[in-house]
Amino acid sequence: MSTPANSASRAPRIVRTAAELSAAIAQALEAPAPGNHPATLGLVPTMGALHSGHESLVSTAREQNDVLVVSIFVNELQFNDRADFDRYPRTLEADVEILARAGADIVFAPEVSTVYPDGRPLVKLDSGALGEKFEGASRPGHFDGMLAVVAKLLHFCMPPATLGVPVAYRAYFGQKDAQQLVLINRMVADLNFPVEIRSVPIIRSAEGLALSSRNQFLSKEQAEAALVIHRALNLVKGRADRHEPLYLEDAAGLFEMEPLVELDYFELVDPRTLQELAFNCQDTPFTGEGLLLVAAKIGEVRLIDNMTLGY
């Protein structure tokens with residue numbers, strides 16, 4: 001890809017309104033793409049409280065695009081608990097420092113009135129059956145709220161039609177939120193959004209814990225107990241790699257040895273439809289492809305993780 005328009009040590013431009021964002025994107029895309037190729041525009045939607053996992057996600061998008069926008073917006077519609085929404089970290093200044101290192105060109109940090117000018121939207125996207133299971137069962141309405149804001153952000157950051165030059169538009173999401181990624185891909189396909197969705201692999205700590213903004217709420221003892229999530233995933237992956245029966249029940253049983261961890265679900269599903277692959281969890285050798293999903297609660301913190309099998 002081309003050399004980033006921004007130096008990695010240079011602060012990105014911060015914009016607050018849709019009009020400012022459109023103008024900033026148009027200005028950044030004015031320079032012709034190298035080699036007479038179509039210009040490329042990348043978007044990384046976030047809720048802020050950025051960590052090294054986000055930085056890796058942004059760096060990947062930076063390498064693949066001429067212009068990179070990162071949005072920071074804490075979306076109340078996807079929170080079931082008002083207290084959880086209120087305590088979600090707002091760290092814009094620190095986030096901008098991370099984004100400067102990662103090479104973002106534009107930071108879109110809108111007010112609620114910009115995203116939802118009339119308050120909560122009266123017309124909503126329905127996540128359907130895909131959004132009612134797993135995380136949707138534990139957090140009713142969460143995925144409807146997520147799709148609402150992602151749809152808006154995808155439109156806000158769309159290349160301006162007045163540019164008059166072809167622009168390839170991509171949006172980037174982390175694989176850690178696997179169910180979210182399935183739903184976004186489905187929304188984009190079903191509603192014909194003119195954007196390509198790209199996923200970026202999970203970033204983990206040296207011990208294996210998937211990086212999350214919620215990890216900061218774990219005590220040292222809780223963080224150590226949470227490592228059972230990665231141990232259980234790796235146990236099943238090892239069996240899948242050897243084409244052995246997966247025996248999910250005894251892998252899930254590892255959680256019973258960690259009293260600080262309360263398991264919600266531990267399931268193998270089709271990576272595209274989220275349909276359970278129960279036949280691969282019993283006494284037959286594992287074949288094909290699968291997505292292993294897990295969610296657990298440690299104190300007041302809910303953690304999710306996943307691992308692909310058979311790839």
# chains A, B, ... in the order shown; residues from 1 in each chain; ligands from 1
call {"tool": "residues_around", "arguments": {"residues": "Ser219 in chain A", "least_positions_apart": "2", "cutoff": "12 Å", "atoms": "only C-alpha atoms", "output": "compact mmCIF listing (two decimals) with N, CA and C atoms, in the first residue's frame"}}
result
# COMPACT_ATOMS: atom_id res chain seq x y z
N ARG A 214 -12.42 -3.77 28.98
CA ARG A 214 -12.97 -4.18 30.27
C ARG A 214 -11.93 -4.85 31.17
N ASN A 215 -10.80 -5.26 30.60
CA ASN A 215 -9.78 -5.95 31.41
C ASN A 215 -9.26 -5.08 32.55
N GLN A 216 -9.30 -3.75 32.36
CA GLN A 216 -8.77 -2.85 33.38
C GLN A 216 -9.57 -2.91 34.67
N PHE A 217 -10.79 -3.46 34.62
CA PHE A 217 -11.61 -3.56 35.82
C PHE A 217 -11.33 -4.84 36.60
N GLU A 221 -5.86 -11.00 40.78
CA GLU A 221 -6.35 -12.36 41.01
C GLU A 221 -7.41 -12.74 39.99
N GLN A 222 -8.30 -11.80 39.68
CA GLN A 222 -9.34 -12.07 38.68
C GLN A 222 -8.74 -12.26 37.29
N ALA A 223 -7.73 -11.46 36.94
CA ALA A 223 -7.09 -11.59 35.63
C ALA A 223 -6.42 -12.94 35.48
N GLU A 224 -5.83 -13.44 36.55
CA GLU A 224 -5.21 -14.76 36.50
C GLU A 224 -6.27 -15.85 36.34
N ALA A 225 -7.39 -15.69 37.06
CA ALA A 225 -8.47 -16.67 36.94
C ALA A 225 -9.06 -16.67 35.54
N ALA A 226 -9.12 -15.50 34.90
CA ALA A 226 -9.71 -15.38 33.57
C ALA A 226 -8.93 -16.14 32.50
N LEU A 260 -13.76 -18.01 40.77
CA LEU A 260 -13.98 -16.60 40.47
C LEU A 260 -14.64 -16.39 39.10
N ILE A 298 -16.50 -12.49 35.45
CA ILE A 298 -15.53 -12.48 36.55
C ILE A 298 -15.84 -11.25 37.38
N GLY A 299 -16.41 -11.44 38.55
CA GLY A 299 -16.88 -10.30 39.32
C GLY A 299 -17.97 -9.59 38.56
N GLU A 300 -17.80 -8.28 38.34
CA GLU A 300 -18.77 -7.50 37.57
C GLU A 300 -18.39 -7.38 36.10
N VAL A 301 -17.33 -8.07 35.69
CA VAL A 301 -16.80 -7.92 34.33
C VAL A 301 -17.19 -9.13 33.48
call {"tool": "select_by_dssp", "arguments": {"residues": "range 74-162 of chain A", "states": "strand (DSSP E or B)", "output": "MDAnalysis selection string"}}
result
chainID A and resid 106:108 117 119
call {"tool": "write_last_selection", "arguments": {"atoms": "C-alpha atoms", "output": "mmCIF file, in the first residue's frame"}}
result
data_model
loop_
_atom_site.group_PDB
_atom_site.id
_atom_site.type_symbol
_atom_site.label_atom_id
_atom_site.label_comp_id
_atom_site.auth_asym_id
_atom_site.auth_seq_id
_atom_site.Cartn_x
_atom_site.Cartn_y
_atom_site.Cartn_z
ATOM 1 C CA ILE A 106 -8.833 11.715 11.053
ATOM 2 C CA VAL A 107 -10.537 11.078 14.394
ATOM 3 C CA PHE A 108 -14.315 11.405 14.291
ATOM 4 C CA PRO A 117 -30.127 14.349 16.483
ATOM 5 C CA GLY A 119 -32.866 11.357 20.405
#
call {"tool": "atom_distance", "arguments": {"atom1": "CA of Ser56 in chain A", "atom2": "CA of Ser71 in chain A"}}
result
15.4 Å
call {"tool": "residues_around", "arguments": {"residues": "Pro201 in chain A", "least_positions_apart": "4", "cutoff": "8 Å", "atoms": "only C-alpha atoms", "output": "count of residues only"}}
result
3
call {"tool": "residues_around", "arguments": {"residues": "Glu30 in chain A", "least_positions_apart": "3", "cutoff": "8 Å", "atoms": "only C-alpha atoms", "output": "compact mmCIF listing (two decimals) with N, CA, C and O atoms, in the first residue's frame"}}
result
# COMPACT_ATOMS: atom_id res chain seq x y z
N ALA A 26 -12.78 14.54 2.15
CA ALA A 26 -12.62 15.05 0.78
C ALA A 26 -11.25 15.68 0.60
O ALA A 26 -10.57 15.45 -0.42
N GLN A 27 -10.82 16.46 1.58
CA GLN A 27 -9.51 17.11 1.48
C GLN A 27 -8.39 16.08 1.49
O GLN A 27 -7.43 16.18 0.71
N LEU A 163 -16.44 13.91 -5.05
CA LEU A 163 -15.01 13.77 -5.35
C LEU A 163 -14.75 13.54 -6.83
O LEU A 163 -13.78 14.04 -7.39
call {"tool": "residues_around", "arguments": {"residues": "Asn80 in chain A", "least_positions_apart": "6", "cutoff": "12 Å", "atoms": "only C-alpha atoms", "output": "list in words"}}
result
Asp86, Glu135, Gly136, Ala137, Ser138, Arg139, Pro140, Gly141, His142, Phe143, Asp144, Gly145 and Met146 of chain A
call {"tool": "closest_residue", "arguments": {"among": "A:Val69, A:Pro259, A:Lys237, A:Ala94", "to": "Met158 in chain A", "atoms": "only C-alpha atoms"}}
result
A:Val69
call {"tool": "residues_around", "arguments": {"residues": "Leu153 in chain A", "least_positions_apart": "3", "cutoff": "8 Å", "atoms": "only C-alpha atoms", "output": "list in words"}}
result
Pro45, Ser71, Val149, Val150, Phe156 and Cys157 of chain A
call {"tool": "residues_around", "arguments": {"residues": "Leu154 in chain A", "least_positions_apart": "3", "cutoff": "12 Å", "atoms": "only C-alpha atoms", "output": "mmCIF file with N, CA, C and O atoms, in the first residue's frame"}}
result
data_model
loop_
_atom_site.group_PDB
_atom_site.id
_atom_site.type_symbol
_atom_site.label_atom_id
_atom_site.label_comp_id
_atom_site.auth_asym_id
_atom_site.auth_seq_id
_atom_site.Cartn_x
_atom_site.Cartn_y
_atom_site.Cartn_z
ATOM 1 N N ALA A 18 -20.743 15.820 11.230
ATOM 2 C CA ALA A 18 -20.765 15.105 9.956
ATOM 3 C C ALA A 18 -20.204 15.966 8.831
ATOM 4 O O ALA A 18 -19.480 15.471 7.951
ATOM 5 N N LEU A 41 -10.023 4.329 1.256
ATOM 6 C CA LEU A 41 -10.445 4.971 2.499
ATOM 7 C C LEU A 41 -10.811 3.888 3.503
ATOM 8 O O LEU A 41 -11.638 3.019 3.218
ATOM 9 N N GLY A 42 -10.195 3.940 4.668
ATOM 10 C CA GLY A 42 -10.477 2.972 5.715
ATOM 11 C C GLY A 42 -11.157 3.625 6.907
ATOM 12 O O GLY A 42 -10.883 4.780 7.238
ATOM 13 N N LEU A 43 -12.032 2.866 7.557
ATOM 14 C CA LEU A 43 -12.713 3.310 8.771
ATOM 15 C C LEU A 43 -12.535 2.247 9.849
ATOM 16 O O LEU A 43 -12.759 1.055 9.600
ATOM 17 N N VAL A 44 -12.152 2.684 11.049
ATOM 18 C CA VAL A 44 -12.112 1.806 12.221
ATOM 19 C C VAL A 44 -13.054 2.382 13.262
ATOM 20 O O VAL A 44 -12.723 3.372 13.924
ATOM 21 N N PRO A 45 -14.243 1.810 13.438
ATOM 22 C CA PRO A 45 -15.161 2.307 14.472
ATOM 23 C C PRO A 45 -14.748 1.780 15.849
ATOM 24 O O PRO A 45 -14.457 0.598 16.014
ATOM 25 N N VAL A 69 -9.752 6.868 8.804
ATOM 26 C CA VAL A 69 -10.610 7.511 9.801
ATOM 27 C C VAL A 69 -10.835 6.540 10.947
ATOM 28 O O VAL A 69 -11.106 5.356 10.723
ATOM 29 N N VAL A 70 -10.711 7.032 12.172
ATOM 30 C CA VAL A 70 -11.068 6.250 13.354
ATOM 31 C C VAL A 70 -12.162 7.008 14.090
ATOM 32 O O VAL A 70 -12.012 8.206 14.383
ATOM 33 N N SER A 71 -13.280 6.345 14.348
ATOM 34 C CA SER A 71 -14.357 6.994 15.097
ATOM 35 C C SER A 71 -14.289 6.581 16.561
ATOM 36 O O SER A 71 -13.916 5.451 16.888
ATOM 37 N N PHE A 108 -12.934 10.919 14.250
ATOM 38 C CA PHE A 108 -14.315 11.405 14.291
ATOM 39 C C PHE A 108 -14.853 11.117 15.684
ATOM 40 O O PHE A 108 -15.073 9.966 16.055
ATOM 41 N N VAL A 115 -24.928 12.070 16.263
ATOM 42 C CA VAL A 115 -25.274 10.704 15.858
ATOM 43 C C VAL A 115 -26.772 10.467 15.936
ATOM 44 O O VAL A 115 -27.370 9.850 15.047
ATOM 45 N N LEU A 147 -25.888 -2.336 15.604
ATOM 46 C CA LEU A 147 -26.097 -2.176 14.170
ATOM 47 C C LEU A 147 -26.543 -0.751 13.841
ATOM 48 O O LEU A 147 -26.150 -0.197 12.798
ATOM 49 N N ALA A 148 -27.342 -0.147 14.715
ATOM 50 C CA ALA A 148 -27.800 1.229 14.472
ATOM 51 C C ALA A 148 -26.617 2.177 14.352
ATOM 52 O O ALA A 148 -26.548 2.990 13.415
ATOM 53 N N VAL A 149 -25.667 2.083 15.290
ATOM 54 C CA VAL A 149 -24.556 3.034 15.251
ATOM 55 C C VAL A 149 -23.563 2.686 14.148
ATOM 56 O O VAL A 149 -23.004 3.585 13.498
ATOM 57 N N VAL A 150 -23.325 1.401 13.895
ATOM 58 C CA VAL A 150 -22.407 1.031 12.820
ATOM 59 C C VAL A 150 -22.956 1.489 11.471
ATOM 60 O O VAL A 150 -22.211 2.022 10.635
ATOM 61 N N ALA A 151 -24.259 1.318 11.262
ATOM 62 C CA ALA A 151 -24.860 1.777 10.008
ATOM 63 C C ALA A 151 -24.660 3.280 9.843
ATOM 64 O O ALA A 151 -24.310 3.769 8.757
ATOM 65 N N CYS A 157 -18.949 8.191 7.173
ATOM 66 C CA CYS A 157 -17.574 8.159 6.648
ATOM 67 C C CYS A 157 -17.498 7.798 5.174
ATOM 68 O O CYS A 157 -16.405 7.656 4.627
ATOM 69 N N MET A 158 -18.628 7.654 4.518
ATOM 70 C CA MET A 158 -18.622 7.279 3.107
ATOM 71 C C MET A 158 -17.918 8.342 2.264
ATOM 72 O O MET A 158 -18.061 9.531 2.521
ATOM 73 N N PRO A 159 -17.122 7.937 1.288
ATOM 74 C CA PRO A 159 -16.446 8.921 0.436
ATOM 75 C C PRO A 159 -17.454 9.875 -0.203
ATOM 76 O O PRO A 159 -18.468 9.428 -0.737
ATOM 77 N N TYR A 169 -13.715 1.712 -0.399
ATOM 78 C CA TYR A 169 -14.100 2.021 0.980
ATOM 79 C C TYR A 169 -14.132 0.729 1.793
ATOM 80 O O TYR A 169 -14.792 -0.233 1.404
ATOM 81 N N ARG A 170 -13.392 0.717 2.920
ATOM 82 C CA ARG A 170 -13.324 -0.476 3.771
ATOM 83 C C ARG A 170 -13.564 -0.086 5.230
ATOM 84 O O ARG A 170 -13.217 1.018 5.646
ATOM 85 N N ALA A 171 -14.125 -1.012 5.999
ATOM 86 C CA ALA A 171 -14.277 -0.814 7.447
ATOM 87 C C ALA A 171 -13.685 -2.022 8.156
ATOM 88 O O ALA A 171 -13.811 -3.161 7.679
ATOM 89 N N TYR A 172 -13.057 -1.767 9.296
ATOM 90 C CA TYR A 172 -12.266 -2.788 9.987
ATOM 91 C C TYR A 172 -12.830 -3.058 11.389
ATOM 92 O O TYR A 172 -13.138 -2.120 12.139
ATOM 93 N N ILE A 184 -22.553 -7.666 11.320
ATOM 94 C CA ILE A 184 -22.192 -6.540 10.450
ATOM 95 C C ILE A 184 -22.038 -7.005 9.002
ATOM 96 O O ILE A 184 -22.526 -6.356 8.067
ATOM 97 N N MET A 187 -25.535 -7.485 7.683
ATOM 98 C CA MET A 187 -26.207 -6.212 7.424
ATOM 99 C C MET A 187 -25.702 -5.595 6.124
ATOM 100 O O MET A 187 -26.497 -5.137 5.291
ATOM 101 N N VAL A 188 -24.379 -5.565 5.951
ATOM 102 C CA VAL A 188 -23.788 -4.964 4.761
ATOM 103 C C VAL A 188 -24.229 -5.705 3.503
ATOM 104 O O VAL A 188 -24.543 -5.084 2.474
ATOM 105 N N ASN A 192 -26.988 -3.962 1.109
ATOM 106 C CA ASN A 192 -26.198 -3.440 -0.012
ATOM 107 C C ASN A 192 -25.417 -2.179 0.338
ATOM 108 O O ASN A 192 -25.397 -1.210 -0.427
ATOM 109 N N PHE A 193 -24.755 -2.188 1.480
ATOM 110 C CA PHE A 193 -23.869 -1.083 1.819
ATOM 111 C C PHE A 193 -22.639 -1.116 0.902
ATOM 112 O O PHE A 193 -22.037 -2.181 0.727
ATOM 113 N N PRO A 194 -22.227 0.007 0.346
ATOM 114 C CA PRO A 194 -21.067 0.027 -0.554
ATOM 115 C C PRO A 194 -19.747 0.099 0.212
ATOM 116 O O PRO A 194 -18.973 1.050 0.091
ATOM 117 N N VAL A 195 -19.481 -0.913 1.012
ATOM 118 C CA VAL A 195 -18.271 -0.948 1.826
ATOM 119 C C VAL A 195 -17.822 -2.401 1.958
ATOM 120 O O VAL A 195 -18.640 -3.324 1.994
ATOM 121 N N GLU A 196 -16.525 -2.590 2.023
ATOM 122 C CA GLU A 196 -15.954 -3.917 2.254
ATOM 123 C C GLU A 196 -15.605 -4.043 3.741
ATOM 124 O O GLU A 196 -14.918 -3.183 4.301
ATOM 125 N N ILE A 197 -16.067 -5.110 4.368
ATOM 126 C CA ILE A 197 -15.768 -5.349 5.775
ATOM 127 C C ILE A 197 -14.543 -6.258 5.876
ATOM 128 O O ILE A 197 -14.499 -7.320 5.254
#
call {"tool": "closest_residue", "arguments": {"among": "A:Val182, A:Ala251, A:Val261, A:Leu77", "to": "Gly131 in chain A", "atoms": "only C-alpha atoms"}}
result
A:Val182
call {"tool": "select_by_dssp", "arguments": {"residues": "range 46-199 of chain A", "states": "alpha helix (DSSP H)", "output": "NGL selection string"}}
result
:A and (52-64 or 82-87 or 92-102 or 112-115 or 135-138 or 142-156 or 178-190)
call {"tool": "closest_residue", "arguments": {"among": "A:Leu277, A:Leu218, A:Val269, A:Val74", "to": "Leu130 in chain A", "atoms": "only C-alpha atoms"}}
result
A:Val269
call {"tool": "closest_residue", "arguments": {"among": "A:Arg10, A:His230, A:Lys133, A:Arg198", "to": "Ala210 in chain A", "atoms": "only C-alpha atoms"}}
result
A:His230
call {"tool": "closest_residue", "arguments": {"among": "A:Glu97, A:Thr40, A:Ala102, A:Ala23", "to": "Ser59 in chain A", "atoms": "only C-alpha atoms"}}
result
A:Ala102
call {"tool": "closest_residue", "arguments": {"among": "A:Val58, A:Val294, A:Ala28, A:Phe255", "to": "Phe173 in chain A", "atoms": "only C-alpha atoms"}}
result
A:Val58
call {"tool": "atom_distance", "arguments": {"atom1": "CA of Tyr88 in chain A", "atom2": "CA of Asn75 in chain A"}}
result
10.3 Å
call {"tool": "atom_distance", "arguments": {"atom1": "CA of Ser212 in chain A", "atom2": "CA of Leu263 in chain A"}}
result
17.7 Å
call {"tool": "decode", "arguments": {"residues": "range 82-111 of chain A", "atoms": "C-alpha atoms", "output": "CSV table (one decimal), in the first residue's frame"}}
result
chain,number,residue,atom,x,y,z
A,82,ARG,CA,-27.0,2.4,32.5
A,83,ALA,CA,-24.3,2.0,35.2
A,84,ASP,CA,-22.1,0.0,32.8
A,85,PHE,CA,-22.6,2.8,30.2
A,86,ASP,CA,-21.8,5.5,32.8
A,87,ARG,CA,-18.6,3.9,33.9
A,88,TYR,CA,-17.3,3.1,30.4
A,89,PRO,CA,-13.9,5.0,30.2
A,90,ARG,CA,-13.8,8.2,28.2
A,91,THR,CA,-10.1,8.8,27.4
A,92,LEU,CA,-10.1,10.9,24.3
A,93,GLU,CA,-6.7,12.6,24.9
A,94,ALA,CA,-4.9,9.3,25.6
A,95,ASP,CA,-6.8,7.7,22.6
A,96,VAL,CA,-5.6,10.4,20.2
A,97,GLU,CA,-2.0,9.7,21.4
A,98,ILE,CA,-2.4,6.0,20.5
A,99,LEU,CA,-4.0,6.9,17.1
A,100,ALA,CA,-1.1,9.3,16.3
A,101,ARG,CA,1.3,6.4,16.8
A,102,ALA,CA,-0.8,4.1,14.7
A,103,GLY,CA,-1.0,6.7,11.9
A,104,ALA,CA,-4.7,7.7,11.8
A,105,ASP,CA,-5.4,10.7,9.6
A,106,ILE,CA,-8.8,11.7,11.1
A,107,VAL,CA,-10.5,11.1,14.4
A,108,PHE,CA,-14.3,11.4,14.3
A,109,ALA,CA,-15.5,12.0,17.9
A,110,PRO,CA,-19.1,13.2,17.5
A,111,GLU,CA,-21.5,14.3,20.2
